[in-house]
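Printed here is final11.txt (compact mmCIF, C-alpha atoms):
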```txt
# COMPACT_ATOMS: atom_id res chain seq x y z
CA MET R 1 -6.19 -18.99 0.46
CA ARG R 2 -5.61 -20.98 -2.73
CA LEU R 3 -3.42 -24.07 -2.59
CA ASP R 4 -0.88 -22.71 -5.07
CA LYS R 5 -0.64 -19.42 -3.18
CA LEU R 6 -0.03 -21.26 0.09
CA LEU R 7 2.74 -23.28 -1.52
CA THR R 8 4.41 -20.18 -2.97
CA ALA R 9 4.18 -18.50 0.44
CA ALA R 10 6.01 -21.54 1.82
CA GLY R 11 8.92 -20.90 -0.54
CA LEU R 12 8.08 -22.42 -3.94
CA THR R 13 7.91 -20.38 -7.10
CA ARG R 14 4.53 -20.23 -8.80
CA ALA R 15 5.68 -22.71 -11.47
CA GLN R 16 7.06 -25.11 -8.85
CA ALA R 17 3.81 -24.96 -6.89
CA LYS R 18 1.69 -25.80 -9.91
CA ARG R 19 4.06 -28.63 -10.87
CA ALA R 20 3.99 -30.05 -7.34
CA VAL R 21 0.19 -30.16 -7.44
CA ALA R 22 0.15 -31.69 -10.93
CA GLU R 23 2.56 -34.39 -9.76
CA GLY R 24 0.30 -35.29 -6.83
CA ARG R 25 2.78 -34.22 -4.17
CA ALA R 26 0.24 -32.10 -2.27
CA ARG R 27 -2.45 -33.50 0.04
CA VAL R 28 -5.35 -31.57 1.52
CA ASN R 29 -7.06 -33.18 4.51
CA GLY R 30 -5.49 -36.51 3.58
CA GLU R 31 -6.53 -36.46 -0.07
CA VAL R 32 -4.26 -35.86 -3.06
CA ALA R 33 -5.10 -32.43 -4.45
CA ARG R 34 -5.01 -31.96 -8.21
CA ASP R 35 -6.49 -28.46 -8.36
CA ALA R 36 -3.92 -25.72 -7.75
CA GLY R 37 -6.77 -23.23 -7.25
CA LEU R 38 -8.40 -25.25 -4.45
CA ARG R 39 -9.31 -23.17 -1.38
CA VAL R 40 -7.46 -24.53 1.63
CA ASP R 41 -8.45 -22.12 4.41
CA GLY R 42 -8.35 -24.07 7.69
CA ALA R 43 -7.38 -27.32 5.96
CA GLN R 44 -4.45 -29.62 6.75
CA VAL R 45 -2.01 -29.33 3.86
CA LEU R 46 0.99 -31.62 3.29
CA LEU R 47 3.68 -31.26 0.65
CA ASP R 48 5.81 -34.35 0.19
CA GLY R 49 4.42 -35.54 3.52
CA ARG R 50 5.46 -32.39 5.44
CA PRO R 51 2.93 -29.92 6.89
CA VAL R 52 2.53 -26.58 5.13
CA THR R 53 1.14 -23.85 7.37
CA GLU R 54 -0.31 -20.54 6.34
CA PRO R 55 2.18 -17.76 7.11
CA GLY R 56 1.27 -14.55 8.86
CA GLU R 57 0.14 -11.44 7.05
CA VAL R 58 2.58 -9.14 5.26
CA TYR R 59 2.94 -5.51 6.38
CA TRP R 60 5.64 -3.76 4.36
CA MET R 61 7.02 -0.27 3.75
CA LEU R 62 8.59 0.94 0.50
CA HIS R 63 10.27 4.26 -0.23
CA LYS R 64 8.78 4.71 -3.69
CA PRO R 65 11.04 6.51 -6.15
CA ALA R 66 9.79 8.67 -8.99
CA GLY R 67 9.23 7.03 -12.36
CA VAL R 68 7.64 3.74 -11.23
CA LEU R 69 3.99 2.73 -11.35
CA THR R 70 2.00 1.76 -8.28
CA ALA R 71 0.98 -1.56 -9.77
CA MET R 72 1.59 -5.25 -9.26
CA ARG R 73 2.71 -5.85 -12.83
CA ASP R 74 2.99 -3.94 -16.08
CA ALA R 75 4.16 -5.23 -19.44
CA ARG R 76 6.12 -2.08 -20.28
CA GLU R 77 6.76 -0.07 -17.13
CA LYS R 78 8.71 -0.69 -13.95
CA THR R 79 6.44 -1.12 -10.95
CA ALA R 80 6.74 -0.45 -7.23
CA PHE R 81 5.85 -4.10 -6.61
CA SER R 82 8.96 -5.19 -8.53
CA LEU R 83 11.15 -3.34 -6.02
CA LEU R 84 10.06 -5.59 -3.14
CA PRO R 85 12.23 -8.59 -2.15
CA GLU R 86 11.39 -11.78 -4.04
CA ALA R 87 10.16 -13.56 -0.92
CA VAL R 88 7.71 -10.71 -0.29
CA ARG R 89 6.55 -10.62 -3.93
CA ARG R 90 5.65 -14.29 -3.69
CA ARG R 91 3.12 -13.40 -1.02
CA GLU R 92 1.52 -10.92 -3.45
CA PRO R 93 0.79 -8.08 -1.03
CA SER R 94 -1.31 -5.25 -2.45
CA PRO R 95 -0.38 -1.56 -2.28
CA ILE R 96 -2.41 0.44 0.24
CA GLY R 97 -3.54 3.25 -2.02
CA ARG R 98 -1.67 4.49 -5.05
CA LEU R 99 0.91 7.13 -5.80
CA ASP R 100 1.26 8.72 -9.24
CA ARG R 101 4.34 7.86 -11.27
CA ASP R 102 6.03 11.15 -10.33
CA VAL R 103 5.08 11.04 -6.63
CA THR R 104 7.63 9.66 -4.19
CA GLY R 105 7.65 8.58 -0.58
CA LEU R 106 5.77 6.16 1.64
CA LEU R 107 3.98 3.27 -0.03
CA LEU R 108 2.62 0.50 2.18
CA PHE R 109 1.79 -3.07 1.16
CA THR R 110 -0.23 -5.75 2.93
CA THR R 111 -1.94 -9.09 2.43
CA HIS R 112 -4.61 -8.17 5.00
CA GLY R 113 -7.65 -7.39 2.87
CA GLU R 114 -9.88 -5.76 5.48
CA LEU R 115 -7.07 -3.54 6.77
CA LEU R 116 -6.28 -2.43 3.22
CA HIS R 117 -9.94 -1.64 2.54
CA ARG R 118 -10.35 0.45 5.67
CA LEU R 119 -7.13 2.40 5.22
CA ILE R 120 -8.16 3.61 1.75
CA SER R 121 -11.90 3.99 2.40
CA PRO R 122 -13.04 7.60 2.97
CA LYS R 123 -15.43 6.20 5.58
CA TYR R 124 -12.58 5.70 8.07
CA ALA R 125 -10.93 9.09 7.43
CA VAL R 126 -7.36 7.78 7.74
CA GLU R 127 -4.88 10.64 7.55
CA LYS R 128 -2.40 10.78 4.67
CA VAL R 129 0.33 13.41 4.93
CA TYR R 130 2.17 14.85 1.94
CA VAL R 131 5.03 17.30 1.56
CA ALA R 132 4.92 19.36 -1.64
CA ARG R 133 7.08 21.92 -3.33
CA VAL R 134 4.69 24.33 -5.01
CA GLU R 135 4.57 27.45 -7.11
CA GLY R 136 4.56 30.44 -4.78
CA THR R 137 3.97 30.30 -1.05
CA PRO R 138 0.39 29.80 0.24
CA ASP R 139 -1.06 32.31 2.68
CA GLU R 140 -3.67 32.00 5.43
CA ALA R 141 -6.50 32.48 2.95
CA ALA R 142 -5.37 29.37 1.06
CA ALA R 143 -5.20 27.39 4.28
CA ARG R 144 -8.72 28.51 5.24
CA LYS R 145 -10.10 27.52 1.85
CA LEU R 146 -8.59 24.05 2.11
CA ALA R 147 -9.85 23.69 5.68
CA ALA R 148 -13.38 24.50 4.51
CA GLY R 149 -13.38 21.82 1.79
CA VAL R 150 -12.83 22.70 -1.85
CA VAL R 151 -15.76 22.21 -4.24
CA PHE R 152 -14.83 20.59 -7.55
CA ALA R 153 -17.14 19.76 -10.45
CA ASP R 154 -17.06 16.04 -9.65
CA PHE R 155 -16.84 16.07 -5.84
CA THR R 156 -16.42 18.24 -2.75
CA ALA R 157 -13.15 17.53 -0.99
CA ARG R 158 -13.13 16.96 2.72
CA PRO R 159 -11.35 19.58 4.83
CA ALA R 160 -7.57 19.38 4.47
CA ARG R 161 -4.91 20.81 6.79
CA LEU R 162 -2.19 22.98 5.27
CA GLU R 163 1.09 23.87 6.98
CA VAL R 164 3.65 26.15 5.39
CA LEU R 165 7.11 24.71 6.03
CA GLY R 166 9.08 27.33 4.16
CA GLU R 167 9.26 29.22 0.91
CA ARG R 168 7.27 27.19 -1.65
CA LEU R 169 7.26 24.17 0.69
CA VAL R 170 4.08 22.88 2.36
CA ARG R 171 2.69 19.91 4.23
CA LEU R 172 -0.89 18.86 3.42
CA THR R 173 -2.93 16.35 5.42
CA VAL R 174 -5.96 14.75 3.75
CA THR R 175 -8.36 11.99 4.78
CA GLU R 176 -9.61 10.78 1.39
CA GLY R 177 -6.99 10.07 -1.24
CA ARG R 178 -9.03 10.55 -4.41
CA TYR R 179 -7.34 10.49 -7.81
CA HIS R 180 -4.89 13.44 -8.04
CA GLU R 181 -6.59 14.96 -4.99
CA VAL R 182 -3.53 16.60 -3.42
CA LYS R 183 -2.43 18.09 -6.73
CA ARG R 184 -5.95 19.34 -7.45
CA LEU R 185 -6.37 20.86 -3.99
CA LEU R 186 -3.16 22.83 -4.15
CA ALA R 187 -3.84 23.95 -7.72
CA ALA R 188 -7.32 25.08 -6.63
CA VAL R 189 -5.78 27.56 -4.17
CA GLY R 190 -3.33 28.87 -6.74
CA HIS R 191 -0.24 26.82 -5.89
CA PRO R 192 0.31 24.01 -8.43
CA VAL R 193 2.54 21.16 -7.28
CA LEU R 194 6.09 20.95 -8.56
CA THR R 195 7.14 17.87 -6.57
CA LEU R 196 5.18 15.69 -4.18
CA ARG R 197 6.15 13.14 -1.55
CA ARG R 198 3.96 11.14 0.81
CA GLU R 199 5.34 11.43 4.31
CA SER R 200 2.99 9.27 6.36
CA MET R 201 -0.24 7.29 6.41
CA GLY R 202 -2.30 6.11 9.35
CA GLY R 203 0.35 7.26 11.79
CA VAL R 204 3.17 5.38 10.06
CA THR R 205 5.97 7.65 8.82
CA LEU R 206 8.43 6.89 6.05
CA ASP R 207 11.68 5.57 7.52
CA ALA R 208 14.27 8.28 6.89
CA SER R 209 17.01 5.63 6.63
CA LEU R 210 15.44 4.08 3.52
CA ASP R 211 16.83 5.32 0.23
CA ALA R 212 14.47 5.56 -2.74
CA GLY R 213 13.65 2.03 -3.88
CA GLU R 214 14.48 0.42 -0.52
CA SER R 215 11.94 -1.30 1.71
CA ARG R 216 11.52 -3.09 5.01
CA PRO R 217 8.83 -4.85 7.08
CA LEU R 218 6.76 -2.71 9.42
CA THR R 219 7.56 -2.95 13.09
CA ASP R 220 4.95 -4.33 15.44
CA GLU R 221 4.31 -0.80 16.71
CA GLU R 222 3.81 0.54 13.18
CA THR R 223 1.43 -2.28 12.32
CA GLY R 224 -0.52 -1.50 15.47
CA CYS R 225 -0.81 2.14 14.36
CA LEU R 226 -2.44 1.06 11.11
CA PHE R 227 -4.97 -1.15 12.87
CA ARG R 228 -5.87 1.65 15.26
CA ALA R 229 -6.21 4.14 12.41
CA ALA R 230 -8.49 1.67 10.62
CA LYS R 231 -10.52 1.06 13.80
CA LEU R 232 -9.87 -2.65 13.42
CA GLU R 233 -9.12 -5.25 16.07
CA ARG R 234 -5.79 -6.97 15.58
CA ASN R 235 -5.83 -10.75 16.01
```
Could you quickly redo this structure as structure tokens?
Amino acid sequence: MRLDKLLTAAGLTRAQAKRAVAEGRARVNGEVARDAGLRVDGAQVLLDGRPVTEPGEVYWMLHKPAGVLTAMRDAREKTAFSLLPEAVRRREPSPIGRLDRDVTGLLLFTTHGELLHRLISPKYAVEKVYVARVEGTPDEAAARKLAAGVVFADFTARPARLEVLGERLVRLTVTEGRYHEVKRLLAAVGHPVLTLRRESMGGVTLDASLDAGESRPLTDEETGCLFRAAKLERN
């Protein structure tokens, strides 16, 4: 972790962290540190003589509303990242996968790089579950086609599981998460998506008590689900 990032995680703004370093208020292993970008993993860090310890990882859930980008920052558009509490934004967690601007539902964030990588990598086949309102109502033939893996010009989709929930309402479970994959799969079987919401990922389900735009930390049990889905040991 960089020195300035550690200081912001401890409660300073980015500008305050850089100023503290420039003023010589930070020491790393007993030496005054003048480089805000200095790597301090495992080092003893003092700010104004007081120890600064690296905080734990961030695991966070957001109910993403429609109309916002899945991005950290954008000069013109509102982002999902901007909806997180300020203290969480200072930690700079990354979104685990991306949802299109019009797609709503579960969006997870974390600072744990290896967990993030595994959850979005097709290699680990982590399940992502979506609920879609579509044109028409799919039949068993559509479900069989999706279960066999749809062949596109640029890739062959892995088998997906389709459940019909009601008239024009379906649940689709995929294990890849390619660009526009859910929309393309449903269009390929003759049922273009009208609205789309991600319901769960890696065994973690969107908290029904969260309104669009609201967020909360994951519980210990939910975090454990993600590690198991990613086949990763939790320290």
Selected residue of minimal separation from Arg198 in chain R among R:Leu226, R:Leu232, R:Val164, R:Leu99, counting all atoms listed in the file: R:Leu99
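You can rank R:Val193, R:Ala43, R:Met72, R:Met1 by their closest distance to Val103 in chain R using only C-alpha atoms, and at the top of that list sits R:Val193.
Distances from R:His63, R:Arg133, R:Arg27, R:His117 to Thr195 in chain R were compared using all atoms listed in the file, and the smallest one belongs to R:Arg133.
For the point (-0.3, -3.9, 0.9), the residues with at least one atom inside 7 Å, counting all atoms listed in the file, are R:Tyr59, R:Trp60, R:Pro93, R:Ser94, R:Pro95, R:Ile96, R:Leu108, R:Phe109, R:Thr110, R:Thr111, R:Leu116.
Between Thr223 in chain R and the candidates R:Arg39, R:His112, R:Lys128, R:Arg184, the tightest atom-to-atom separation, counting only C-alpha atoms, involves R:His112.
Take CA of Val204 in chain R and CA of Phe227 in chain R: the distance between them is 10.8 Å.
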With 6 Å as the threshold, what does the neighbourhood of (4.5, 12.7, 6.2) contain in terms of residues, counting all atoms listed in the file? Coordinates are those of the file; answer as a PyMOL selection string. chain R and resi 129-130+198-200+205
Show me, as AutoDock Vina command-line options, the centre and edge lengths in Å to one decimal of the axis-aligned box that covers every listed atom of range 136-142 of chain R with 8 Å on each side.
```
--center_x -1.0 --center_y 30.9 --center_z 0.3 --size_x 27.1 --size_y 19.1 --size_z 26.2
```
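CA of Ala160 in chain R is positioned 7.4 Å from CA of Thr175 in chain R.
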